[in-house]
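I have placed the structure first, in the form of structure tokens, so that the comments after it can refer back to it.
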Amino acid sequence: MRIFDAHFHIIDFDFPIIENQGYLPPSYVAEDYQQATIDLHVLGGAIVSGSFQGFDQNYLVKALQQLGPTFCGVTQLPYTVTDEEILNLNDNGVKALRFNIKRGGSEDLSKLDYFARRVHDLVEWHSELYIDAKELPEIASNIEKLPAISIDHLGLSEEGLPHLLKLVDKGVHVKATGFGRVALDVENALKSIYTINPDALMFGTDLPSTRAKRPFDVADIELIQQLFDEQAVDKILYTNALKWYFK
């Protein structure tokens, strides 16, 4: 078993941390992540900026330097950011732009079309949405036209799953992450997404599972191993995300 951890957070209080909706996360630095995954065969991954980190990039650059070149960053940026700043982040290992619709702290969704196209044209980044999939119908027609989009945490809700599956059929990728924070049938969601597009699912630990009802557990990986054959497991745990981030 090999893993590309497509979604986890590094929380370093040497850099700005912003209270979000009354919440402050615990410290969780690169060494904590390495210790937590020491028994997993993690070969690379994606550090994702959280709502509580706003537009700070310094923590992310430091963490990427610590974890090495098989790891990359997913960041939040204001749409006023210069091309030079985007290029510099790309040189430092950032590979994607995040819109945090669920929690805030990122650029507004109204900028999605312009901003997603801009970063893709400039540095071939994809854009990631943390959104309850039940809200997707309002923006689905726009998402279908964008060059590269992924959606976090299986789309979060059972109500949103049908809308998510329609976009998977259009090429949108989905993170198989946060099983302890979603309100849906995880097994059904995983199997439904994989059936539509075997390349779409990308596993992530979601460590340190901030605000989740249940934190990540090795049982989440074991569930994927139980549901799928060996080839599918390798795609979901490793290959799909590796190809998505390191094109």
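Letters for chains follow the order of the structure tokens (A, B, ...), residue numbers begin at 1 for each chain, and ligand numbers begin at 1 in the order shown.
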So that I can see what lies close to A:Lys243, please list as a ChimeraX atom specification the residues with an atom at most 12 Å from it, counting only C-alpha atoms and leaving out residues fewer than 6 positions away in the same chain.
/A:4,6,44-45,70,95,126,173,199-202,235-237
Since we have the selection now, will you write its residues out, keeping C-alpha atoms, as a PDB file, in the first residue's frame?
ATOM      1  CA  PHE A   4      -0.458  10.252  -1.496  1.00  0.00           C
ATOM      2  CA  ALA A   6      -4.308  14.594  -0.794  1.00  0.00           C
ATOM      3  CA  GLY A  44       3.765  12.559  -0.693  1.00  0.00           C
ATOM      4  CA  GLY A  45       0.770  14.782  -0.167  1.00  0.00           C
ATOM      5  CA  THR A  70       6.921  15.083  -3.015  1.00  0.00           C
ATOM      6  CA  LYS A  95      -0.105  23.466  -6.880  1.00  0.00           C
ATOM      7  CA  HIS A 126      -6.480  23.395 -10.327  1.00  0.00           C
ATOM      8  CA  HIS A 173     -12.403  15.279  -8.900  1.00  0.00           C
ATOM      9  CA  ASP A 199      -9.816   8.634 -11.762  1.00  0.00           C
ATOM     10  CA  ALA A 200     -11.843  11.051  -9.643  1.00  0.00           C
ATOM     11  CA  LEU A 201     -11.388   9.872  -6.035  1.00  0.00           C
ATOM     12  CA  MET A 202      -8.355  11.108  -4.081  1.00  0.00           C
ATOM     13  CA  LYS A 235      -5.694   4.626  -7.694  1.00  0.00           C
ATOM     14  CA  ILE A 236      -7.716   6.064  -4.800  1.00  0.00           C
ATOM     15  CA  LEU A 237      -4.907   6.085  -2.234  1.00  0.00           C
TER      16      LEU A 237
END
Quick one: everything within 12 Å of A:Thr82, counting only C-alpha atoms, minus sequence neighbours fewer than 4 positions away in the same chain. Send it as an MDAnalysis selection string.
chainID A and resid 77:78 86:89 115 118:119 122
Can I get the selected residues back with N, CA, C and O atoms, as a compact mmCIF listing (two decimals), in the first residue's frame?
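Done, and the output landed in out-v4.txt:
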# COMPACT_ATOMS: atom_id res chain seq x y z
N LEU A 77 -5.82 32.66 -1.76
CA LEU A 77 -5.24 33.91 -2.23
C LEU A 77 -6.34 34.91 -2.54
O LEU A 77 -7.43 34.53 -2.97
N PRO A 78 -6.05 36.20 -2.35
CA PRO A 78 -7.00 37.22 -2.83
C PRO A 78 -6.88 37.33 -4.35
O PRO A 78 -5.79 37.13 -4.91
N ILE A 86 2.06 34.60 -7.61
CA ILE A 86 1.60 33.26 -7.96
C ILE A 86 2.76 32.42 -8.49
O ILE A 86 2.94 31.25 -8.10
N LEU A 87 3.56 32.99 -9.36
CA LEU A 87 4.71 32.28 -9.91
C LEU A 87 5.70 31.90 -8.82
O LEU A 87 6.28 30.80 -8.84
N ASN A 88 5.89 32.79 -7.85
CA ASN A 88 6.80 32.50 -6.75
C ASN A 88 6.27 31.34 -5.90
O ASN A 88 7.03 30.44 -5.50
N LEU A 89 4.97 31.34 -5.62
CA LEU A 89 4.38 30.24 -4.87
C LEU A 89 4.49 28.93 -5.64
O LEU A 89 4.77 27.87 -5.06
N PHE A 115 -10.79 33.60 -11.33
CA PHE A 115 -9.58 33.23 -10.61
C PHE A 115 -9.11 31.82 -10.97
O PHE A 115 -7.92 31.56 -11.15
N ARG A 118 -7.53 31.97 -14.28
CA ARG A 118 -6.26 32.72 -14.24
C ARG A 118 -5.12 31.84 -13.75
O ARG A 118 -4.06 31.78 -14.38
N VAL A 119 -5.31 31.15 -12.62
CA VAL A 119 -4.20 30.35 -12.08
C VAL A 119 -3.92 29.13 -12.95
O VAL A 119 -2.77 28.67 -13.05
N LEU A 122 -1.94 30.44 -15.96
CA LEU A 122 -0.61 30.93 -15.60
C LEU A 122 0.32 29.81 -15.16
O LEU A 122 1.48 29.75 -15.60
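The smallest atom-to-atom distance between A:Leu165 and any of A:Ala148, A:Val186, A:Ile131, A:Ile193, using only C-alpha atoms, is found for A:Ile193.
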For A:Glu128, list every protein, DNA or RNA residue within 8 Å, evaluated using only C-alpha atoms, and leave out those in the same chain fewer than 5 positions away; present the list as a PDB file with N, CA, C and O atoms, in the first residue's frame.
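New file around22.pdb:
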ATOM      1  N   ALA A  96      -2.250  24.391  -6.116  1.00  0.00           N
ATOM      2  CA  ALA A  96      -3.701  24.563  -6.261  1.00  0.00           C
ATOM      3  C   ALA A  96      -4.195  25.751  -5.454  1.00  0.00           C
ATOM      4  O   ALA A  96      -3.552  26.184  -4.482  1.00  0.00           O
ATOM      5  N   LEU A  97      -5.361  26.253  -5.851  1.00  0.00           N
ATOM      6  CA  LEU A  97      -6.028  27.378  -5.208  1.00  0.00           C
ATOM      7  C   LEU A  97      -7.273  26.861  -4.504  1.00  0.00           C
ATOM      8  O   LEU A  97      -8.013  26.042  -5.051  1.00  0.00           O
ATOM      9  N   ARG A  98      -7.509  27.341  -3.271  1.00  0.00           N
ATOM     10  CA  ARG A  98      -8.660  26.852  -2.511  1.00  0.00           C
ATOM     11  C   ARG A  98      -9.699  27.947  -2.279  1.00  0.00           C
ATOM     12  O   ARG A  98      -9.362  29.076  -1.925  1.00  0.00           O
ATOM     13  N   PHE A  99     -10.966  27.559  -2.452  1.00  0.00           N
ATOM     14  CA  PHE A  99     -12.103  28.400  -2.089  1.00  0.00           C
ATOM     15  C   PHE A  99     -12.829  27.703  -0.944  1.00  0.00           C
ATOM     16  O   PHE A  99     -13.388  26.618  -1.126  1.00  0.00           O
ATOM     17  N   ILE A 149     -11.240  21.255 -11.468  1.00  0.00           N
ATOM     18  CA  ILE A 149     -11.858  21.525 -10.165  1.00  0.00           C
ATOM     19  C   ILE A 149     -11.912  20.230  -9.341  1.00  0.00           C
ATOM     20  O   ILE A 149     -12.193  19.154  -9.862  1.00  0.00           O
ATOM     21  N   SER A 150     -11.641  20.356  -8.042  1.00  0.00           N
ATOM     22  CA  SER A 150     -11.899  19.244  -7.119  1.00  0.00           C
ATOM     23  C   SER A 150     -12.750  19.748  -5.957  1.00  0.00           C
ATOM     24  O   SER A 150     -12.760  20.943  -5.651  1.00  0.00           O
ATOM     25  N   ILE A 151     -13.453  18.822  -5.323  1.00  0.00           N
ATOM     26  CA  ILE A 151     -14.350  19.149  -4.212  1.00  0.00           C
ATOM     27  C   ILE A 151     -13.962  18.323  -2.998  1.00  0.00           C
ATOM     28  O   ILE A 151     -13.710  17.118  -3.093  1.00  0.00           O
ATOM     29  N   ASP A 152     -13.894  18.986  -1.841  1.00  0.00           N
ATOM     30  CA  ASP A 152     -13.429  18.358  -0.607  1.00  0.00           C
ATOM     31  C   ASP A 152     -14.481  17.457   0.031  1.00  0.00           C
ATOM     32  O   ASP A 152     -15.693  17.674  -0.105  1.00  0.00           O
TER      33      ASP A 152
END
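Each of A:Glu222, A:Glu84, A:Asp217, A:Glu230 was compared to A:Ala36 using only C-alpha atoms, and A:Asp217 turns out to be the nearest.
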When you look at A:Pro16 with a cut-off of 8 Å (counting only C-alpha atoms), what residues show up, excluding the ones that are within fewer than 2 positions of it in the same chain? I need them as a list in words.
Phe13, Asp14, Ile18, Gln53 and Asp56 of chain A
Using C-alpha atoms, can you write the selected residues to a file as a PDB file, in the first residue's frame?
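Saved result, out.pdb, follows:
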ATOM      1  CA  PHE A  13       1.608  29.278  15.609  1.00  0.00           C
ATOM      2  CA  ASP A  14       4.878  30.918  14.590  1.00  0.00           C
ATOM      3  CA  ILE A  18      -7.051  33.723  12.770  1.00  0.00           C
ATOM      4  CA  GLN A  53      -4.862  30.789   8.024  1.00  0.00           C
ATOM      5  CA  ASP A  56      -0.772  33.735   4.907  1.00  0.00           C
TER       6      ASP A  56
END
Using DSSP on the backbone, list every residue of stretch 150-238 of chain A that comes out as strand (DSSP E or B), and give them as a ChimeraX atom specification.
/A:150-151,157,173-176,183,201-203
Any chance you could list, as a count of residues only, the residues in stretch 21-186 of chain A that come up helix (DSSP H, G or I) when DSSP is run on the backbone?
68
Can you tell me which residues surround stretch 174-181 of chain A at a distance of at most 8 Å, considering only C-alpha atoms, apart from same-chain residues fewer than 2 positions away, and format the answer as a ChimeraX atom specification?
/A:6-7,150-156,168,172,183,186,190,200-206,209,211-216,220
